[in-house]
Every structure is written in C-alpha cells, then in structure tokens.
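Data first, discussion second: the structure below is written as structure tokens.
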Amino acid sequence: MNARHIILVGAPGAGKGTQATVLSDVLGIPHVSSGDLFRDNLKRETPLGLQAKGYMEKGELVPDDVTVAMVRDRLSQPDCNEKGAILDGFPRTVEQARSLENVLEQDGKNIDTVVYFQVSEQELIERLTGRRICRNCQAVYHTLFNPPKTDGQCDVCGGELYQRSDDRPETVQNRLQVYFEQTMPLIDFYKEKNLLQSVDGQQDIETVRSALLDVIKA
Ligand code: ADP
Ligand code: AMP
C-alpha cells in the first residue's frame, strides 16, 4: 500500500483528534497531531518545547518555520514514511500548507484528501471548555458529551484526566479568533486544489465517524 496523507482541518474543538484516533486504528496510519507533539516537547522541557511554550499559553500559533521543521521530522520517521499520516492540527496556515506540499513532493508523495469539520462557534466553546485529556495516553474526553466511566480517570489506561490550560475560557476566545484569521484561508486553498471534502462535525461522535469513513472510503 502507498503512504496516504489525510489532513483533518477544523477549528479547535471541532473533533479532529477524537476522529483521528479512530481513523488511525481503522486505516493503520499513524495519527500525527502537531499540538500533541508540542505538548510532548513541553512536558520534556526540550528546547523546542520551551520555544513553543509562550505561544501555546496565549493561544497563538507557533511560528511556521519551527512548526514545519517539527512535523517534517515526524513524517520522516519509518512508520510515517511507510504508511503516511493522519494530520491533525497541521497545516494551520497557507504557508504551512505550501511547505507540506514541498516536503511530500520531495519524497514523491502527495495529499490524499483534506476533510473539513464544520462546527458552530457556540458548540466549539462548549466542547473546548468541557474537554479533558489523559495525562498518560492523551485520550480525549468531555465532561458532558463523552465522559469517562469513572470520574477523572482514563477508560483506556486508568491515567489521570486534566484540563488543558489553553482550554480555559480566556484563551479559548483567542484561539478561535486565530483560527478564523489564520487557518480558515486553508479551506479555499484546498478547495481550489479539489482536495476538500466536508463533514458536518456538529453531529454526535458516532455519526461524525461514519460520515468521515464514508468520505475517506475506508
Ligand atoms: P480538536 O482535536 O478538533 O481540537 P477534540 O477531538 O479534542 O477536538 O474534541 C474537542 C472536545 O469535544 C473533546 O472534549 C471531545 O470529547 C468533544 N467532542 C468531539 N467530537 C464531538 C462530537 N461530535 N460531539 C460532541 N462532543 C465532541
Ligand atoms: P492543538 O492541540 O491543535 O489545539 O494545538 C495547541 C497549540 O499548539 C496551538 O494553540 C498552537 O499554539 C500550537 N500549535 C499546534 N499546531 C500548530 C500549527 N500547525 N501551527 C502553529 N502552532 C500550532
């Protein structure tokens, strides 16, 4: 099988990570989340993590050159090299999208499809402020929409659940603003390349999953 590159685009809270986990299992393609890569670097206090910290805390985008270098490095690892990637949260600017094209082109690879998750702003705010993450395995929950079986504890690994500091209401507003200004132009960018498919991300998690599998033809 050739390496497949599937991009999930949508606002913070649109459900990209939740669906990427499922898609990754179904297709056997690694899930590459730029946000998870940054958070992992931050936890390990690497120079990259320290560089990204201030931007992440404010809900700003980390500069393109830093972000592209990090993702390029991840894509060059054997699993992605062989199978491709489900890209979640990257690219987030047109500049990043152009860089990704170049990186893939250099290896004779291309983008399979881009799926856009459409969700209203009100719903995004509710999803982000109720999101909880497993400190150990990064599984994603929601206090109301997708609660764990035991309060505060991950169903998958038993790890402790926490709220991301950038999911607090003060930062959420800025992240949505940044999305509308800097990431939305990607929708037209990929539409013009005939790569864009849309999914109604406002439906419940299982319905979104089957709509997504339909457009991906999994
Ligand atoms: P993203 O990766 O796009 O930022 P997540 O997958 O982390 O979004 O989802 C954001 C929050 O919304 C999480 O708390 C998740 O459990 C919840 N969520 C995801 N998809 C849905 C859905 N279809 N309906 C309701 N809540 C959802
Ligand atoms: P996420 O987990 O996708 O919500 O990302 C969390 C934070 O990491 C964002 O608010 C940014 O500060 C940073 N980040 C993640 N992906 C990117 C990207 N593609 N470009 C720039 N910054 C990013």
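Identifiers in this document derive from the order of the structure tokens: chains are assigned A, B, ..., residues are numbered from 1 separately in each chain, and ligands are numbered from 1 in order of occurrence.
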
Next item on the list: Please give the complete set of residues from stretch 28-167 of chain A that DSSP, run on the backbone, assigns to alpha helix (DSSP H), formatted as a PyMOL selection string.
Entry: chain A and resi 34-43+47-58+64-75+78-83+94-106+121-129

Save out the residues we just selected, C-alpha atoms, as an mmCIF file, in the first residue's frame.
```cif
data_model
loop_
_atom_site.group_PDB
_atom_site.id
_atom_site.type_symbol
_atom_site.label_atom_id
_atom_site.label_comp_id
_atom_site.auth_asym_id
_atom_site.auth_seq_id
_atom_site.Cartn_x
_atom_site.Cartn_y
_atom_site.Cartn_z
ATOM 1 C CA SER A 34 1.113 18.943 15.945
ATOM 2 C CA GLY A 35 -0.485 20.025 19.245
ATOM 3 C CA ASP A 36 0.392 16.661 20.862
ATOM 4 C CA LEU A 37 3.963 16.922 19.531
ATOM 5 C CA PHE A 38 4.320 20.405 21.034
ATOM 6 C CA ARG A 39 2.795 19.294 24.364
ATOM 7 C CA ASP A 40 5.151 16.310 24.497
ATOM 8 C CA ASN A 41 8.138 18.623 23.934
ATOM 9 C CA LEU A 42 6.827 20.991 26.576
ATOM 10 C CA LYS A 43 6.480 18.156 29.104
ATOM 11 C CA PRO A 47 14.424 23.481 23.527
ATOM 12 C CA LEU A 48 11.542 23.144 21.034
ATOM 13 C CA GLY A 49 9.019 22.887 23.882
ATOM 14 C CA LEU A 50 10.432 25.963 25.587
ATOM 15 C CA GLN A 51 10.321 27.851 22.290
ATOM 16 C CA ALA A 52 6.637 26.926 21.771
ATOM 17 C CA LYS A 53 5.500 27.476 25.377
ATOM 18 C CA GLY A 54 4.674 31.207 25.282
ATOM 19 C CA TYR A 55 2.705 30.930 22.041
ATOM 20 C CA MET A 56 0.703 27.947 23.280
ATOM 21 C CA GLU A 57 -0.167 29.583 26.590
ATOM 22 C CA LYS A 58 -1.565 32.618 24.781
ATOM 23 C CA ASP A 64 5.692 28.390 10.774
ATOM 24 C CA ASP A 65 9.401 27.517 10.428
ATOM 25 C CA VAL A 66 9.512 25.884 13.883
ATOM 26 C CA THR A 67 6.252 24.004 13.312
ATOM 27 C CA VAL A 68 7.142 22.787 9.829
ATOM 28 C CA ALA A 69 10.548 21.515 10.995
ATOM 29 C CA MET A 70 8.912 19.548 13.818
ATOM 30 C CA VAL A 71 6.281 17.939 11.560
ATOM 31 C CA ARG A 72 8.796 17.252 8.794
ATOM 32 C CA ASP A 73 10.922 15.387 11.298
ATOM 33 C CA ARG A 74 7.930 13.303 12.455
ATOM 34 C CA LEU A 75 6.922 12.481 8.860
ATOM 35 C CA PRO A 78 9.802 4.947 9.462
ATOM 36 C CA ASP A 79 6.103 4.461 10.346
ATOM 37 C CA CYS A 80 5.014 7.666 8.565
ATOM 38 C CA ASN A 81 7.464 7.109 5.758
ATOM 39 C CA GLU A 82 5.855 3.754 5.059
ATOM 40 C CA LYS A 83 2.179 4.360 5.881
ATOM 41 C CA VAL A 94 -1.357 28.608 3.966
ATOM 42 C CA GLU A 95 2.405 28.941 4.408
ATOM 43 C CA GLN A 96 2.483 25.621 6.310
ATOM 44 C CA ALA A 97 0.315 24.014 3.622
ATOM 45 C CA ARG A 98 2.776 25.088 0.910
ATOM 46 C CA SER A 99 5.701 23.752 2.949
ATOM 47 C CA LEU A 100 3.902 20.434 3.457
ATOM 48 C CA GLU A 101 3.388 20.110 -0.305
ATOM 49 C CA ASN A 102 7.115 20.641 -0.840
ATOM 50 C CA VAL A 103 8.101 18.164 1.870
ATOM 51 C CA LEU A 104 5.837 15.468 0.392
ATOM 52 C CA GLU A 105 6.794 16.254 -3.195
ATOM 53 C CA GLN A 106 10.483 15.781 -2.412
ATOM 54 C CA GLU A 121 -18.777 28.696 17.325
ATOM 55 C CA GLN A 122 -21.137 28.177 20.282
ATOM 56 C CA GLU A 123 -20.649 24.397 20.120
ATOM 57 C CA LEU A 124 -16.853 24.816 19.849
ATOM 58 C CA ILE A 125 -16.781 26.853 23.058
ATOM 59 C CA GLU A 126 -18.829 24.218 24.925
ATOM 60 C CA ARG A 127 -16.617 21.427 23.642
ATOM 61 C CA LEU A 128 -13.326 23.149 24.481
ATOM 62 C CA THR A 129 -14.279 24.244 27.971
#
```

Check: Taking the backbone alone, and naming residues the way the document does, which bits of stretch 5-183 of chain A are strand (DSSP E or B) by DSSP, as a VMD selection string?
Finding: chain A and resid 5 to 9 31 to 33 84 to 88 113 to 118 131 to 134 140 to 142 146 150 153 160 to 162

Would you put the residues from that selection into a file with N, CA, C and O atoms, as a short mmCIF file (atom, residue, chain, number, x, y, z; two decimals), in the first residue's frame?
```
data_model
loop_
_atom_site.label_atom_id
_atom_site.label_comp_id
_atom_site.auth_asym_id
_atom_site.auth_seq_id
_atom_site.Cartn_x
_atom_site.Cartn_y
_atom_site.Cartn_z
N HIS A 5 -1.71 10.39 2.93
CA HIS A 5 -1.70 11.56 3.80
C HIS A 5 -3.08 12.19 3.81
O HIS A 5 -3.53 12.69 2.78
N ILE A 6 -3.72 12.10 4.97
CA ILE A 6 -5.08 12.64 5.12
C ILE A 6 -5.00 13.79 6.11
O ILE A 6 -4.43 13.64 7.20
N ILE A 7 -5.54 14.95 5.71
CA ILE A 7 -5.47 16.12 6.59
C ILE A 7 -6.86 16.39 7.18
O ILE A 7 -7.84 16.43 6.44
N LEU A 8 -6.92 16.58 8.49
CA LEU A 8 -8.18 16.96 9.14
C LEU A 8 -8.08 18.44 9.49
O LEU A 8 -7.18 18.85 10.23
N VAL A 9 -8.99 19.25 8.92
CA VAL A 9 -8.99 20.69 9.17
C VAL A 9 -10.27 21.06 9.90
O VAL A 9 -11.34 20.52 9.61
N HIS A 31 -1.34 8.63 13.59
CA HIS A 31 -2.01 9.91 13.88
C HIS A 31 -0.92 10.91 14.25
O HIS A 31 -0.21 10.70 15.23
N VAL A 32 -0.80 11.96 13.50
CA VAL A 32 0.21 12.99 13.79
C VAL A 32 -0.50 14.28 14.16
O VAL A 32 -1.09 14.96 13.31
N SER A 33 -0.47 14.62 15.45
CA SER A 33 -1.09 15.84 15.94
C SER A 33 0.01 16.82 16.32
O SER A 33 0.83 16.54 17.20
N GLY A 84 2.30 6.82 5.82
CA GLY A 84 1.71 8.15 5.67
C GLY A 84 1.28 8.69 7.02
O GLY A 84 1.81 8.29 8.06
N ALA A 85 0.28 9.56 7.03
CA ALA A 85 -0.13 10.17 8.30
C ALA A 85 -1.55 10.71 8.21
O ALA A 85 -2.01 11.12 7.15
N ILE A 86 -2.23 10.66 9.37
CA ILE A 86 -3.48 11.40 9.54
C ILE A 86 -3.04 12.68 10.24
O ILE A 86 -2.67 12.65 11.42
N LEU A 87 -3.04 13.76 9.54
CA LEU A 87 -2.54 15.03 10.09
C LEU A 87 -3.67 15.78 10.78
O LEU A 87 -4.71 16.06 10.17
N ASP A 88 -3.45 16.10 12.05
CA ASP A 88 -4.48 16.73 12.89
C ASP A 88 -3.88 18.00 13.49
O ASP A 88 -2.95 17.93 14.28
N THR A 113 -6.45 13.43 0.69
CA THR A 113 -7.67 14.20 0.85
C THR A 113 -7.59 15.08 2.10
O THR A 113 -6.81 14.82 3.00
N VAL A 114 -8.42 16.14 2.08
CA VAL A 114 -8.48 17.05 3.22
C VAL A 114 -9.93 17.06 3.69
O VAL A 114 -10.83 17.31 2.89
N VAL A 115 -10.16 16.77 4.96
CA VAL A 115 -11.53 16.76 5.45
C VAL A 115 -11.74 17.94 6.40
O VAL A 115 -11.00 18.12 7.36
N TYR A 116 -12.77 18.71 6.07
CA TYR A 116 -13.09 19.91 6.85
C TYR A 116 -14.27 19.61 7.77
O TYR A 116 -15.34 19.22 7.31
N PHE A 117 -14.08 19.79 9.07
CA PHE A 117 -15.14 19.56 10.07
C PHE A 117 -15.83 20.89 10.36
O PHE A 117 -15.22 21.80 10.91
N GLN A 118 -17.10 20.96 10.02
CA GLN A 118 -17.85 22.20 10.25
C GLN A 118 -18.62 22.12 11.57
O GLN A 118 -19.44 21.22 11.76
N ARG A 131 -13.52 19.90 27.71
CA ARG A 131 -12.59 18.85 27.28
C ARG A 131 -11.67 18.42 28.42
O ARG A 131 -11.18 19.25 29.19
N ARG A 132 -11.42 17.15 28.53
CA ARG A 132 -10.45 16.62 29.48
C ARG A 132 -9.56 15.63 28.74
O ARG A 132 -10.02 14.91 27.87
N ILE A 133 -8.26 15.62 29.11
CA ILE A 133 -7.27 14.80 28.40
C ILE A 133 -6.58 13.88 29.41
O ILE A 133 -6.36 14.29 30.55
N CYS A 134 -6.22 12.69 28.94
CA CYS A 134 -5.47 11.79 29.82
C CYS A 134 -4.00 12.22 29.83
O CYS A 134 -3.38 12.37 28.78
N VAL A 140 -8.98 11.60 24.65
CA VAL A 140 -9.76 12.83 24.81
C VAL A 140 -11.17 12.51 25.31
O VAL A 140 -11.83 11.61 24.78
N TYR A 141 -11.62 13.26 26.32
CA TYR A 141 -12.97 13.09 26.88
C TYR A 141 -13.66 14.44 26.93
O TYR A 141 -13.05 15.49 26.70
N HIS A 142 -14.95 14.39 27.28
CA HIS A 142 -15.69 15.62 27.54
C HIS A 142 -16.57 15.37 28.77
O HIS A 142 -17.18 14.30 28.89
N ASN A 146 -18.78 13.22 26.30
CA ASN A 146 -18.04 11.96 26.19
C ASN A 146 -17.31 11.69 27.51
O ASN A 146 -16.08 11.68 27.57
N THR A 150 -15.26 6.31 34.90
CA THR A 150 -15.00 6.75 36.28
C THR A 150 -14.52 8.19 36.22
O THR A 150 -13.62 8.51 35.45
N GLN A 153 -10.80 9.72 35.48
CA GLN A 153 -9.88 8.61 35.19
C GLN A 153 -10.06 8.08 33.75
O GLN A 153 -11.19 7.87 33.31
N GLU A 160 -4.67 9.82 34.88
CA GLU A 160 -5.41 10.97 35.44
C GLU A 160 -5.84 11.92 34.31
O GLU A 160 -5.06 12.20 33.40
N LEU A 161 -7.07 12.40 34.38
CA LEU A 161 -7.54 13.35 33.37
C LEU A 161 -7.27 14.78 33.85
O LEU A 161 -7.37 15.07 35.03
N TYR A 162 -6.91 15.65 32.91
CA TYR A 162 -6.68 17.06 33.27
C TYR A 162 -7.29 17.98 32.22
O TYR A 162 -7.63 17.53 31.12
#
```

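Closest to ligand 1 among A:Asn110, A:Ser76, A:Ser210, A:Gln19 is A:Gln19, based on only C-alpha atoms and all ligand atoms.
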
What's the 12 Å shell around A:Val208, counting only C-alpha atoms, without same-chain residues fewer than 3 positions away, as a CSV table (one decimal) with N, CA, C and O atoms, in the first residue's frame?
```
chain,number,residue,atom,x,y,z
A,14,ALA,N,-13.2,21.1,17.1
A,14,ALA,CA,-14.1,20.5,16.1
A,14,ALA,C,-14.3,19.0,16.1
A,14,ALA,O,-15.2,18.5,15.5
A,15,GLY,N,-13.3,18.4,16.8
A,15,GLY,CA,-13.4,16.9,16.9
A,15,GLY,C,-12.4,16.2,16.1
A,15,GLY,O,-12.4,14.9,15.9
A,16,LYS,N,-11.4,16.9,15.6
A,16,LYS,CA,-10.3,16.3,14.8
A,16,LYS,C,-9.6,15.2,15.5
A,16,LYS,O,-9.4,14.1,15.0
A,18,THR,N,-10.4,13.5,18.2
A,18,THR,CA,-11.3,12.3,18.6
A,18,THR,C,-11.5,11.4,17.4
A,18,THR,O,-11.4,10.2,17.5
A,19,GLN,N,-11.7,12.0,16.2
A,19,GLN,CA,-11.9,11.2,15.0
A,19,GLN,C,-10.6,10.6,14.4
A,19,GLN,O,-10.5,9.5,13.9
A,20,ALA,N,-9.5,11.4,14.6
A,20,ALA,CA,-8.2,10.9,14.1
A,20,ALA,C,-7.8,9.6,14.8
A,20,ALA,O,-7.2,8.7,14.1
A,22,VAL,N,-9.7,7.2,15.8
A,22,VAL,CA,-10.5,6.1,15.2
A,22,VAL,C,-9.9,5.8,13.8
A,22,VAL,O,-9.7,4.6,13.5
A,23,LEU,N,-9.7,6.9,13.1
A,23,LEU,CA,-9.3,6.7,11.7
A,23,LEU,C,-7.9,6.0,11.6
A,23,LEU,O,-7.7,5.2,10.8
A,115,VAL,N,-10.2,16.8,5.0
A,115,VAL,CA,-11.5,16.8,5.5
A,115,VAL,C,-11.7,17.9,6.4
A,115,VAL,O,-11.0,18.1,7.4
A,116,TYR,N,-12.8,18.7,6.1
A,116,TYR,CA,-13.1,19.9,6.8
A,116,TYR,C,-14.3,19.6,7.8
A,116,TYR,O,-15.3,19.2,7.3
A,117,PHE,N,-14.1,19.8,9.1
A,117,PHE,CA,-15.1,19.6,10.1
A,117,PHE,C,-15.8,20.9,10.4
A,117,PHE,O,-15.2,21.8,10.9
A,118,GLN,N,-17.1,21.0,10.0
A,118,GLN,CA,-17.9,22.2,10.2
A,118,GLN,C,-18.6,22.1,11.6
A,118,GLN,O,-19.4,21.2,11.8
A,119,VAL,N,-18.3,23.1,12.4
A,119,VAL,CA,-19.0,23.1,13.8
A,119,VAL,C,-19.2,24.6,14.1
A,119,VAL,O,-18.4,25.4,13.9
A,198,SER,N,-16.1,17.9,3.0
A,198,SER,CA,-16.7,18.5,4.2
A,198,SER,C,-17.5,17.4,5.0
A,198,SER,O,-18.2,16.6,4.3
A,199,VAL,N,-17.4,17.5,6.3
A,199,VAL,CA,-18.2,16.7,7.1
A,199,VAL,C,-18.9,17.6,8.1
A,199,VAL,O,-18.3,18.5,8.6
A,200,ASP,N,-20.2,17.3,8.4
A,200,ASP,CA,-20.9,18.0,9.4
A,200,ASP,C,-20.5,17.6,10.8
A,200,ASP,O,-20.9,16.5,11.3
A,201,GLY,N,-19.6,18.3,11.4
A,201,GLY,CA,-19.0,17.9,12.7
A,201,GLY,C,-19.8,18.2,13.9
A,201,GLY,O,-19.4,17.9,15.0
A,202,GLN,N,-21.0,18.7,13.6
A,202,GLN,CA,-21.9,19.1,14.8
A,202,GLN,C,-22.7,17.9,15.3
A,202,GLN,O,-23.3,18.0,16.3
A,203,GLN,N,-22.7,16.8,14.5
A,203,GLN,CA,-23.4,15.6,15.0
A,203,GLN,C,-22.7,14.9,16.1
A,203,GLN,O,-21.6,15.2,16.4
A,204,ASP,N,-23.4,13.8,16.6
A,204,ASP,CA,-22.7,13.1,17.7
A,204,ASP,C,-21.5,12.4,17.2
A,204,ASP,O,-21.3,12.2,16.0
A,205,ILE,N,-20.6,11.9,18.1
A,205,ILE,CA,-19.3,11.4,17.7
A,205,ILE,C,-19.4,10.2,16.8
A,205,ILE,O,-18.7,10.1,15.8
A,211,ALA,N,-19.7,9.4,8.9
A,211,ALA,CA,-19.6,10.3,7.8
A,211,ALA,C,-18.2,10.5,7.3
A,211,ALA,O,-17.9,10.5,6.1
A,212,LEU,N,-17.3,10.5,8.2
A,212,LEU,CA,-15.9,10.6,7.9
A,212,LEU,C,-15.4,9.4,7.1
A,212,LEU,O,-14.7,9.5,6.1
A,213,LEU,N,-15.7,8.2,7.7
A,213,LEU,CA,-15.3,6.9,7.0
A,213,LEU,C,-15.9,6.9,5.6
A,213,LEU,O,-15.2,6.4,4.7
A,214,ASP,N,-17.1,7.4,5.4
A,214,ASP,CA,-17.7,7.5,4.1
A,214,ASP,C,-16.9,8.3,3.1
A,214,ASP,O,-16.6,7.9,2.0
A,215,VAL,N,-16.5,9.5,3.5
A,215,VAL,CA,-15.7,10.4,2.6
A,215,VAL,C,-14.3,9.9,2.4
A,215,VAL,O,-13.8,10.1,1.3
```

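For the set A:Glu45, A:Glu181, A:Asp112, A:Asp167, the residue with the smallest atom-to-atom gap to ligand 1 is A:Asp167, counting only C-alpha atoms and all ligand atoms.
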
Check: At what distance in Å, to one decimal, does atom CA of A:Leu61 lie from atom 3 (O, counted along the ligand's line) of ligand 2?
Finding: 9.5 Å

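Relative to atom CA of A:Asn136, atom CA of A:Ala3 is found at 28.6 Å.
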
Item checked: Option closest in space to ligand 1, from A:Thr21, A:Thr183, A:Asn2, A:Thr171 [counting only C-alpha atoms and all ligand atoms] -> A:Thr21

Checklist line | Minimum-distance residue to ligand 1, chosen among A:Pro185, A:Gly17, A:Pro147, A:Gly158 (using only C-alpha atoms and all ligand atoms) | finding: A:Gly17

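Considering the residues A:Thr207, A:Gln177, A:Asn194, A:Thr93 and counting only C-alpha atoms and all ligand atoms, ligand 2 has its shortest atom-to-atom contact with A:Thr93.
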